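Trainee: Okay, here's the structure, questions in a sec.
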Amino acid sequence: MTRLSGDLERMRAATLKALGPAAGGDPRAAARTVAAPGRVNLIGEHTDYNDGFVLPAAIDRWIVMSGRLRSGREVRVLSLDRREQATFSLEGLHPRQRESLPDWTRYVAGALWSLQVEGLDLGGMELAFTGSVPQGMGLSSSAALEVATGWLALGLNGEELPRLRVAQVGQRAENLFVGVRCGIMDQFASALGREGHALLLDCRSLEHRPVAVPEGLALFVVHPPQGRTLAGSGYNLRRQECEVAARMLAEARPDLAALRDATPEDLRWIEGRVGETRDGHVVATLLARARHVVAENQRVHDAVAALEEGDMEGLGRLVAASHASLRDLFEVSTPDIDRWVERLSTLPGCLGARVVGGGFGGSILALARGSEAGAFQVRAEALAGAGQERPRVFRCRAAAGVGEVFP
């Protein structure tokens, strides 16, 4: 259950209104509403699909979806933010149909297809959604939409799945239906988030535990005036490069299944082959990708220790080191993002900043001392880029995972 805040009440009312009257004239008859949060990852970027460790937190920005059952097998879905609607059939729904659907519809259709892969028999539905998770900012609005769709469809059809399974349903939708080869982190945080906590997640075993986010730490997301498209970027290429690097390392260490298993000493084997190519990739590039993943996994564990010891300055240094690695080794930052990170890092109260999400633009996570959070936000909002465009800046708090919204 998700308690109503002002934003949730407004979004719930808007989606219920968009559904229109049900049979019998009652616009709320048999309708249900769910809210699924976006997420911010404190540290552990591009480690999830390498079977590594991540430290995400669900945030107090949501995708809110209302829906009801309808006769037949057809699904009608309304996007209030886009002011668009789409209709598709659950009968024979398959990833090969994605090109015939509007891009935003693929996340909804993919989640429903993935539920059917689970063996669930879904009926037709009318769905309407809106959201406060900013799009294109690396905060996983797509994962929140997948998780919201899955959770609502389960409730409407009288079915249940464990939260972890709902996250896996969403990941499969994004991997196989949408076509982005993401790891489990985004959907996991949206489904299993815990208020006031980040989640230390082992992306191989899926073991996880909550890590308290202290009151003395303020999380800010800063979005400079620019855009990002994850599926059309180098995200899938980065994953491919990591897989090739892991296969190279496995030639020397047959027990190595993914870069999560590699050590700094293991990387020396690749160092001896710099100048070669492997499966069409330059080995020097593969080495850089592997170095980032190995070091980033260690930074996740170090960040957990810093949080638990109250070492906020140490945490800030780890976040700054993560950005340098994402910039120089994994090459998912941009010159614009780098300039903004540098400017934010010099503001009083800032502990550290880095590009967040898949990269290739998007947003910046900035950590600030809680006692200076207000002043930091004012100064960050006053920064201007070319043409005097100002960034979007908002503070986010660790929130609970997906749940039904009641009046």
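Quick note on naming: the chains in the structure tokens go A, B, ... in the order shown, residues restart at 1 in each chain, and ligands are numbered from 1 in order of appearance.
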Can you list, as a count of residues only, every protein, DNA or RNA residue that comes within 8 Å of range 46-57 of chain A when you count only C-alpha atoms, leaving out same-chain residues fewer than 4 positions away?
Mentor: 33
Trainee: Can you tell me, as a PyMOL selection string, which residues in range 188-324 of chain A count as strand (DSSP E) by DSSP?
Mentor: chain A and resi 197-202+208-212+217-223+277-278+281-282
Trainee: Residues near range 316-324 of chain A, anyone? I mean within 10 Å using only C-alpha atoms, not counting same-chain ones fewer than 3 positions away, as a VMD selection string.
Mentor: chain A and resid 42 to 45 292 295 to 296 298 to 300 302 to 303 306 311 to 313 327 to 333 338 341 to 342 345 350 to 356 364 to 369
Trainee: I need the residues from that last selection saved to file as a compact mmCIF listing (two decimals), in the first residue's frame (with N, CA, C and O atoms), if you can.
Mentor:
```txt
# COMPACT_ATOMS: atom_id res chain seq x y z
N LEU A 42 23.20 5.21 -6.12
CA LEU A 42 24.25 5.95 -5.43
C LEU A 42 25.62 5.65 -6.04
O LEU A 42 26.42 6.55 -6.25
N ILE A 43 25.87 4.38 -6.32
CA ILE A 43 27.15 4.00 -6.92
C ILE A 43 27.01 2.55 -7.41
O ILE A 43 26.18 1.80 -6.93
N GLY A 44 27.84 2.21 -8.40
CA GLY A 44 27.76 0.88 -9.00
C GLY A 44 27.14 0.97 -10.37
O GLY A 44 26.07 0.43 -10.62
N GLU A 45 27.81 1.68 -11.29
CA GLU A 45 27.24 1.93 -12.62
C GLU A 45 27.84 0.98 -13.63
O GLU A 45 29.06 0.80 -13.69
N HIS A 292 37.14 -0.48 -15.31
CA HIS A 292 36.06 0.25 -14.64
C HIS A 292 35.21 -0.68 -13.80
O HIS A 292 34.91 -0.39 -12.64
N ALA A 295 36.95 -1.97 -10.56
CA ALA A 295 37.10 -0.93 -9.54
C ALA A 295 35.75 -0.46 -9.01
O ALA A 295 35.61 -0.17 -7.82
N GLU A 296 34.76 -0.41 -9.88
CA GLU A 296 33.44 0.07 -9.45
C GLU A 296 32.79 -0.89 -8.47
O GLU A 296 32.13 -0.46 -7.52
N GLN A 298 34.32 -2.65 -6.28
CA GLN A 298 34.95 -2.38 -4.98
C GLN A 298 34.43 -1.07 -4.40
O GLN A 298 34.22 -0.97 -3.18
N ARG A 299 34.18 -0.08 -5.25
CA ARG A 299 33.66 1.19 -4.74
C ARG A 299 32.28 1.01 -4.11
O ARG A 299 31.94 1.72 -3.15
N VAL A 300 31.48 0.10 -4.62
CA VAL A 300 30.17 -0.15 -4.01
C VAL A 300 30.34 -0.60 -2.57
O VAL A 300 29.69 -0.08 -1.65
N ASP A 302 32.91 -0.19 -0.65
CA ASP A 302 33.50 0.89 0.14
C ASP A 302 32.45 1.95 0.47
O ASP A 302 32.48 2.54 1.57
N ALA A 303 31.52 2.19 -0.43
CA ALA A 303 30.47 3.18 -0.19
C ALA A 303 29.52 2.71 0.91
O ALA A 303 29.07 3.51 1.74
N ALA A 306 31.24 3.36 4.10
CA ALA A 306 31.23 4.79 4.41
C ALA A 306 29.87 5.23 4.96
O ALA A 306 29.80 6.00 5.93
N ASP A 311 30.78 8.25 7.24
CA ASP A 311 31.88 8.96 6.59
C ASP A 311 31.38 9.56 5.28
O ASP A 311 31.60 9.01 4.19
N MET A 312 30.72 10.71 5.36
CA MET A 312 30.12 11.30 4.18
C MET A 312 31.17 11.87 3.23
O MET A 312 31.00 11.86 2.01
N GLU A 313 32.27 12.37 3.77
CA GLU A 313 33.33 12.87 2.90
C GLU A 313 33.96 11.72 2.11
O GLU A 313 34.25 11.85 0.92
N ARG A 327 33.92 8.38 -17.01
CA ARG A 327 34.36 9.33 -18.05
C ARG A 327 35.53 8.77 -18.86
O ARG A 327 35.51 8.78 -20.10
N ASP A 328 36.54 8.27 -18.16
CA ASP A 328 37.80 7.94 -18.81
C ASP A 328 37.91 6.49 -19.26
O ASP A 328 38.52 6.21 -20.30
N LEU A 329 37.34 5.56 -18.50
CA LEU A 329 37.47 4.14 -18.80
C LEU A 329 36.25 3.58 -19.51
O LEU A 329 36.38 2.82 -20.47
N PHE A 330 35.07 3.95 -19.04
CA PHE A 330 33.86 3.40 -19.66
C PHE A 330 33.31 4.31 -20.75
O PHE A 330 32.50 3.89 -21.56
N GLU A 331 33.72 5.55 -20.75
CA GLU A 331 33.39 6.52 -21.80
C GLU A 331 31.88 6.64 -22.04
O GLU A 331 31.40 6.56 -23.17
N VAL A 332 31.15 6.87 -20.94
CA VAL A 332 29.71 7.08 -21.06
C VAL A 332 29.29 8.47 -20.60
O VAL A 332 28.11 8.77 -20.55
N SER A 333 30.27 9.30 -20.26
CA SER A 333 29.95 10.68 -19.95
C SER A 333 30.04 11.50 -21.24
O SER A 333 30.33 10.97 -22.32
N ASP A 338 30.60 16.50 -18.00
CA ASP A 338 31.84 16.67 -17.25
C ASP A 338 31.98 18.10 -16.73
O ASP A 338 32.39 18.31 -15.58
N VAL A 341 29.54 18.51 -13.82
CA VAL A 341 30.03 17.81 -12.63
C VAL A 341 31.09 18.65 -11.94
O VAL A 341 31.09 18.80 -10.70
N GLU A 342 32.00 19.20 -12.72
CA GLU A 342 33.06 20.02 -12.15
C GLU A 342 32.49 21.25 -11.45
O GLU A 342 32.92 21.60 -10.34
N SER A 345 30.68 20.28 -8.23
CA SER A 345 31.60 19.80 -7.19
C SER A 345 32.27 20.93 -6.43
O SER A 345 32.75 20.72 -5.31
N CYS A 350 28.79 20.55 -1.37
CA CYS A 350 28.80 19.37 -2.24
C CYS A 350 29.88 18.40 -1.80
O CYS A 350 31.04 18.77 -1.62
N LEU A 351 29.50 17.15 -1.65
CA LEU A 351 30.45 16.10 -1.25
C LEU A 351 31.06 15.40 -2.46
O LEU A 351 32.18 14.91 -2.41
N GLY A 352 30.29 15.31 -3.55
CA GLY A 352 30.76 14.63 -4.75
C GLY A 352 29.64 14.58 -5.76
O GLY A 352 28.46 14.71 -5.41
N ALA A 353 29.99 14.38 -7.03
CA ALA A 353 28.98 14.34 -8.09
C ALA A 353 29.47 13.42 -9.19
O ALA A 353 30.67 13.24 -9.39
N ARG A 354 28.52 12.84 -9.89
CA ARG A 354 28.86 11.96 -11.01
C ARG A 354 27.69 11.82 -11.96
O ARG A 354 26.53 12.07 -11.59
N VAL A 355 27.99 11.43 -13.20
CA VAL A 355 26.93 11.09 -14.14
C VAL A 355 26.17 9.89 -13.59
O VAL A 355 26.75 9.00 -12.97
N VAL A 356 24.87 9.88 -13.77
CA VAL A 356 24.05 8.82 -13.20
C VAL A 356 23.22 8.16 -14.29
O VAL A 356 22.89 8.78 -15.31
N ILE A 364 22.96 14.12 -13.45
CA ILE A 364 24.07 14.05 -12.50
C ILE A 364 23.50 13.81 -11.11
O ILE A 364 22.52 14.45 -10.71
N LEU A 365 24.11 12.90 -10.38
CA LEU A 365 23.81 12.73 -8.96
C LEU A 365 24.80 13.58 -8.18
O LEU A 365 26.02 13.45 -8.37
N ALA A 366 24.29 14.46 -7.34
CA ALA A 366 25.15 15.27 -6.48
C ALA A 366 24.80 14.97 -5.04
O ALA A 366 23.62 14.97 -4.66
N LEU A 367 25.81 14.68 -4.23
CA LEU A 367 25.63 14.45 -2.81
C LEU A 367 26.00 15.72 -2.06
O LEU A 367 27.05 16.31 -2.33
N ALA A 368 25.15 16.11 -1.13
CA ALA A 368 25.42 17.32 -0.35
C ALA A 368 25.22 17.03 1.13
O ALA A 368 24.48 16.12 1.50
N ARG A 369 25.88 17.80 1.95
CA ARG A 369 25.65 17.71 3.39
C ARG A 369 24.22 18.16 3.68
O ARG A 369 23.76 19.19 3.17
```
Trainee: Just how far from CA of Ser190 in chain A is CA of Arg165 in chain A, in Å to one decimal?
Mentor: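 Answer for the CA of Arg165 in chain A to CA of Ser190 in chain A separation: 12.2 Å.
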Trainee: Find the residues around range 122-127 of chain A up to 6 Å (only C-alpha atoms counted), leave out those fewer than 2 positions away in its own chain, and share them as a list in words.
Mentor: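 Surrounding residues, per the criterion: Ser66, Gly67, Arg68, Leu69, Arg70, Ser71, Gly72, Arg73, Glu74, Val75, Arg76 and Val77 of chain A.
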Trainee: Could you pull out the helix (DSSP H, G or I) residues of range 97-344 of chain A, going by DSSP on the backbone, and write them as an MDAnalysis selection string?
Mentor: chainID A and resid 97:100 105:117 141:156 163:178 185:192 235:252 259:261 267:271 283:309 312:328 335:344
Trainee: Okay, now the selection with C-alpha atoms, as a compact mmCIF listing (two decimals), in the first residue's frame?
Mentor:
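Saved to result-v4.txt:
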```
# COMPACT_ATOMS: atom_id res chain seq x y z
CA GLN A 97 5.39 -6.59 -32.92
CA ARG A 98 7.31 -3.84 -31.14
CA GLU A 99 8.09 -1.88 -34.31
CA SER A 100 4.37 -1.50 -34.95
CA THR A 105 3.72 1.63 -25.59
CA ARG A 106 6.45 -1.00 -25.87
CA TYR A 107 7.16 -0.86 -22.13
CA VAL A 108 3.50 -1.53 -21.32
CA ALA A 109 3.04 -4.21 -23.96
CA GLY A 110 6.37 -5.77 -23.04
CA ALA A 111 5.43 -6.06 -19.37
CA LEU A 112 2.14 -7.73 -20.26
CA TRP A 113 3.85 -10.06 -22.73
CA SER A 114 6.38 -10.95 -20.03
CA LEU A 115 3.58 -11.79 -17.58
CA GLN A 116 2.10 -14.10 -20.19
CA VAL A 117 5.49 -15.78 -20.54
CA SER A 141 11.09 6.01 -15.78
CA SER A 142 10.93 3.04 -18.19
CA ALA A 143 11.53 0.49 -15.43
CA ALA A 144 8.93 2.22 -13.24
CA LEU A 145 6.42 1.96 -16.10
CA GLU A 146 7.15 -1.74 -16.56
CA VAL A 147 6.83 -2.46 -12.83
CA ALA A 148 3.64 -0.40 -12.51
CA THR A 149 2.10 -2.22 -15.48
CA GLY A 150 3.01 -5.62 -14.10
CA TRP A 151 1.80 -4.88 -10.57
CA LEU A 152 -1.51 -3.44 -11.77
CA ALA A 153 -2.15 -6.25 -14.25
CA LEU A 154 -1.55 -8.81 -11.51
CA GLY A 155 -4.01 -7.10 -9.20
CA LEU A 156 -6.69 -6.67 -11.84
CA ARG A 163 8.23 -8.66 -5.81
CA LEU A 164 11.51 -10.05 -7.03
CA ARG A 165 9.70 -11.93 -9.77
CA VAL A 166 7.88 -8.75 -10.77
CA ALA A 167 11.28 -7.08 -11.16
CA GLN A 168 12.46 -9.97 -13.35
CA VAL A 169 9.29 -9.72 -15.43
CA GLY A 170 10.10 -6.06 -16.06
CA GLN A 171 13.72 -6.77 -16.92
CA ARG A 172 12.70 -9.42 -19.44
CA ALA A 173 10.29 -6.95 -21.01
CA GLU A 174 13.04 -4.37 -21.46
CA ASN A 175 15.62 -6.89 -22.67
CA LEU A 176 13.52 -8.88 -25.11
CA PHE A 177 10.55 -6.70 -26.02
CA VAL A 178 11.96 -3.15 -25.87
CA MET A 185 18.93 -3.05 -10.98
CA ASP A 186 16.31 -0.58 -12.23
CA GLN A 187 13.31 -2.87 -11.99
CA PHE A 188 14.61 -4.31 -8.72
CA ALA A 189 14.75 -0.90 -7.04
CA SER A 190 11.29 0.03 -8.31
CA ALA A 191 9.77 -3.22 -7.06
CA LEU A 192 11.66 -3.72 -3.78
CA TYR A 235 24.62 1.09 -24.00
CA ASN A 236 24.26 -2.25 -25.77
CA LEU A 237 27.76 -1.87 -27.21
CA ARG A 238 29.20 -1.40 -23.71
CA ARG A 239 27.55 -4.59 -22.57
CA GLN A 240 28.95 -6.44 -25.58
CA GLU A 241 32.44 -5.13 -24.86
CA CYS A 242 32.21 -6.36 -21.28
CA GLU A 243 31.12 -9.81 -22.44
CA VAL A 244 34.05 -10.05 -24.86
CA ALA A 245 36.46 -8.94 -22.12
CA ALA A 246 35.07 -11.61 -19.80
CA ARG A 247 35.52 -14.30 -22.45
CA MET A 248 39.15 -13.24 -22.90
CA LEU A 249 39.79 -13.48 -19.17
CA ALA A 250 38.13 -16.89 -19.06
CA GLU A 251 40.82 -18.21 -21.39
CA ALA A 252 43.27 -17.78 -18.50
CA LEU A 259 33.67 -9.37 -15.06
CA ARG A 260 32.31 -9.52 -11.51
CA ASP A 261 34.75 -12.38 -10.93
CA LEU A 267 43.53 -7.81 -15.88
CA ARG A 268 47.26 -8.12 -16.44
CA TRP A 269 46.49 -11.00 -18.81
CA ILE A 270 44.61 -8.58 -21.07
CA GLU A 271 47.32 -5.94 -20.64
CA VAL A 283 41.71 -5.00 -26.78
CA ALA A 284 42.82 -1.69 -25.24
CA THR A 285 39.16 -0.65 -25.15
CA LEU A 286 38.14 -3.96 -23.60
CA LEU A 287 40.78 -3.49 -20.92
CA ALA A 288 39.46 -0.04 -20.06
CA ARG A 289 35.90 -1.34 -19.71
CA ALA A 290 37.06 -4.20 -17.48
CA ARG A 291 39.11 -1.88 -15.29
CA HIS A 292 36.06 0.25 -14.64
CA VAL A 293 33.87 -2.70 -13.68
CA VAL A 294 36.46 -4.23 -11.34
CA ALA A 295 37.10 -0.93 -9.54
CA GLU A 296 33.44 0.07 -9.45
CA ASN A 297 32.43 -3.14 -7.72
CA GLN A 298 34.95 -2.38 -4.98
CA ARG A 299 33.66 1.19 -4.74
CA VAL A 300 30.17 -0.15 -4.01
CA HIS A 301 31.42 -2.07 -0.98
CA ASP A 302 33.50 0.89 0.14
CA ALA A 303 30.47 3.18 -0.19
CA VAL A 304 28.37 0.88 2.00
CA ALA A 305 31.08 0.99 4.64
CA ALA A 306 31.23 4.79 4.41
CA LEU A 307 27.45 5.08 4.85
CA GLU A 308 27.43 2.75 7.83
CA GLU A 309 30.36 4.56 9.43
CA MET A 312 30.12 11.30 4.18
CA GLU A 313 33.33 12.87 2.90
CA GLY A 314 34.67 9.41 2.08
CA LEU A 315 31.43 8.61 0.27
CA GLY A 316 31.77 11.81 -1.74
CA ARG A 317 35.30 10.88 -2.81
CA LEU A 318 34.07 7.48 -4.01
CA VAL A 319 31.30 9.12 -6.05
CA ALA A 320 33.84 11.48 -7.63
CA ALA A 321 36.13 8.53 -8.44
CA SER A 322 33.18 6.72 -10.02
CA HIS A 323 32.58 9.66 -12.34
CA ALA A 324 36.23 9.80 -13.39
CA SER A 325 36.10 6.09 -14.22
CA LEU A 326 32.84 6.41 -16.16
CA ARG A 327 34.36 9.33 -18.05
CA ASP A 328 37.80 7.94 -18.81
CA PRO A 335 31.92 16.94 -22.27
CA ASP A 336 28.81 18.85 -21.18
CA ILE A 337 28.18 16.49 -18.27
CA ASP A 338 31.84 16.67 -17.25
CA ARG A 339 31.69 20.47 -17.12
CA TRP A 340 28.55 20.40 -15.00
CA VAL A 341 30.03 17.81 -12.63
CA GLU A 342 33.06 20.02 -12.15
CA ARG A 343 30.94 23.10 -11.48
CA LEU A 344 28.65 21.33 -9.04
```
Trainee: Write out as a list in words which residues come within 9 Å of Gln377 in chain A when counting only C-alpha atoms, dropping same-chain ones fewer than 3 positions away.
Mentor: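 Answer for this query is Phe220, Glu372, Ala373, Gly374, Ala380, Glu381, Ala382, Val393, Phe394 and Arg395 of chain A.
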Trainee: Would you save the residues from that selection as a short mmCIF file (atom, residue, chain, number, x, y, z; two decimals), in the first residue's frame, using N, CA, C and O atoms?
Mentor:
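The resulting file, part32.cif, is shown below:
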```cif
data_model
loop_
_atom_site.label_atom_id
_atom_site.label_comp_id
_atom_site.auth_asym_id
_atom_site.auth_seq_id
_atom_site.Cartn_x
_atom_site.Cartn_y
_atom_site.Cartn_z
N PHE A 220 20.71 14.86 -4.56
CA PHE A 220 20.16 15.75 -5.57
C PHE A 220 20.38 15.16 -6.96
O PHE A 220 21.43 14.58 -7.25
N GLU A 372 23.54 21.71 4.62
CA GLU A 372 23.74 22.74 3.60
C GLU A 372 22.91 22.46 2.35
O GLU A 372 23.16 23.05 1.29
N ALA A 373 21.93 21.56 2.47
CA ALA A 373 21.17 21.14 1.30
C ALA A 373 20.43 22.30 0.64
O ALA A 373 20.42 22.44 -0.58
N GLY A 374 19.78 23.14 1.46
CA GLY A 374 19.02 24.25 0.90
C GLY A 374 19.90 25.21 0.12
O GLY A 374 19.57 25.62 -1.00
N ALA A 380 22.93 25.60 -7.09
CA ALA A 380 22.90 24.73 -8.28
C ALA A 380 21.88 25.24 -9.28
O ALA A 380 22.13 25.25 -10.50
N GLU A 381 20.73 25.66 -8.80
CA GLU A 381 19.69 26.18 -9.70
C GLU A 381 20.11 27.48 -10.36
O GLU A 381 19.60 27.84 -11.43
N ALA A 382 21.04 28.21 -9.74
CA ALA A 382 21.48 29.49 -10.29
C ALA A 382 22.53 29.32 -11.38
O ALA A 382 22.82 30.28 -12.11
N VAL A 393 16.89 20.95 -11.05
CA VAL A 393 17.51 20.44 -9.83
C VAL A 393 16.41 20.03 -8.87
O VAL A 393 15.50 20.82 -8.59
N PHE A 394 16.48 18.82 -8.38
CA PHE A 394 15.52 18.45 -7.34
C PHE A 394 16.15 17.48 -6.35
O PHE A 394 17.02 16.67 -6.71
N ARG A 395 15.72 17.62 -5.12
CA ARG A 395 16.17 16.71 -4.08
C ARG A 395 15.27 15.49 -4.08
O ARG A 395 14.05 15.58 -4.27
#
```
Trainee: Work out how far apart CA of Met11 in chain A and CA of Gln135 in chain A are and give it in Å to one decimal.
Mentor: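 Going from CA of Met11 in chain A over to CA of Gln135 in chain A covers 16.3 Å.
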Trainee: How far is it from CA of Gly216 in chain A to CA of Gly370 in chain A, in Å with one decimal?
Mentor: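 CA of Gly216 in chain A sits 4.4 Å away from CA of Gly370 in chain A.
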Trainee: Could you give me, as a list in words, the residues within 9 Å of Glu215 in chain A, counting only C-alpha atoms and dropping anything in the same chain fewer than 2 positions from it?
Mentor: Gly196, Val213, Leu217, Ala218 and Gly370 of chain A
Trainee: What lies within 7 Å of range 79-91 of chain A using only C-alpha atoms, ignoring chain neighbours under 6 positions off, as a ChimeraX atom specification?
Mentor: /A:73,128-130
Trainee: Using only C-alpha atoms, please write the residues we just selected to a file, as a PDB file, in the first residue's frame.
Mentor:
```pdb
ATOM      1  CA  ARG A  73      -8.261  -9.630 -25.011  1.00  0.00           C
ATOM      2  CA  ALA A 128      -4.095   5.161 -18.046  1.00  0.00           C
ATOM      3  CA  PHE A 129      -0.847   6.466 -16.602  1.00  0.00           C
ATOM      4  CA  THR A 130       1.052   9.602 -15.783  1.00  0.00           C
TER       5      THR A 130
END
```
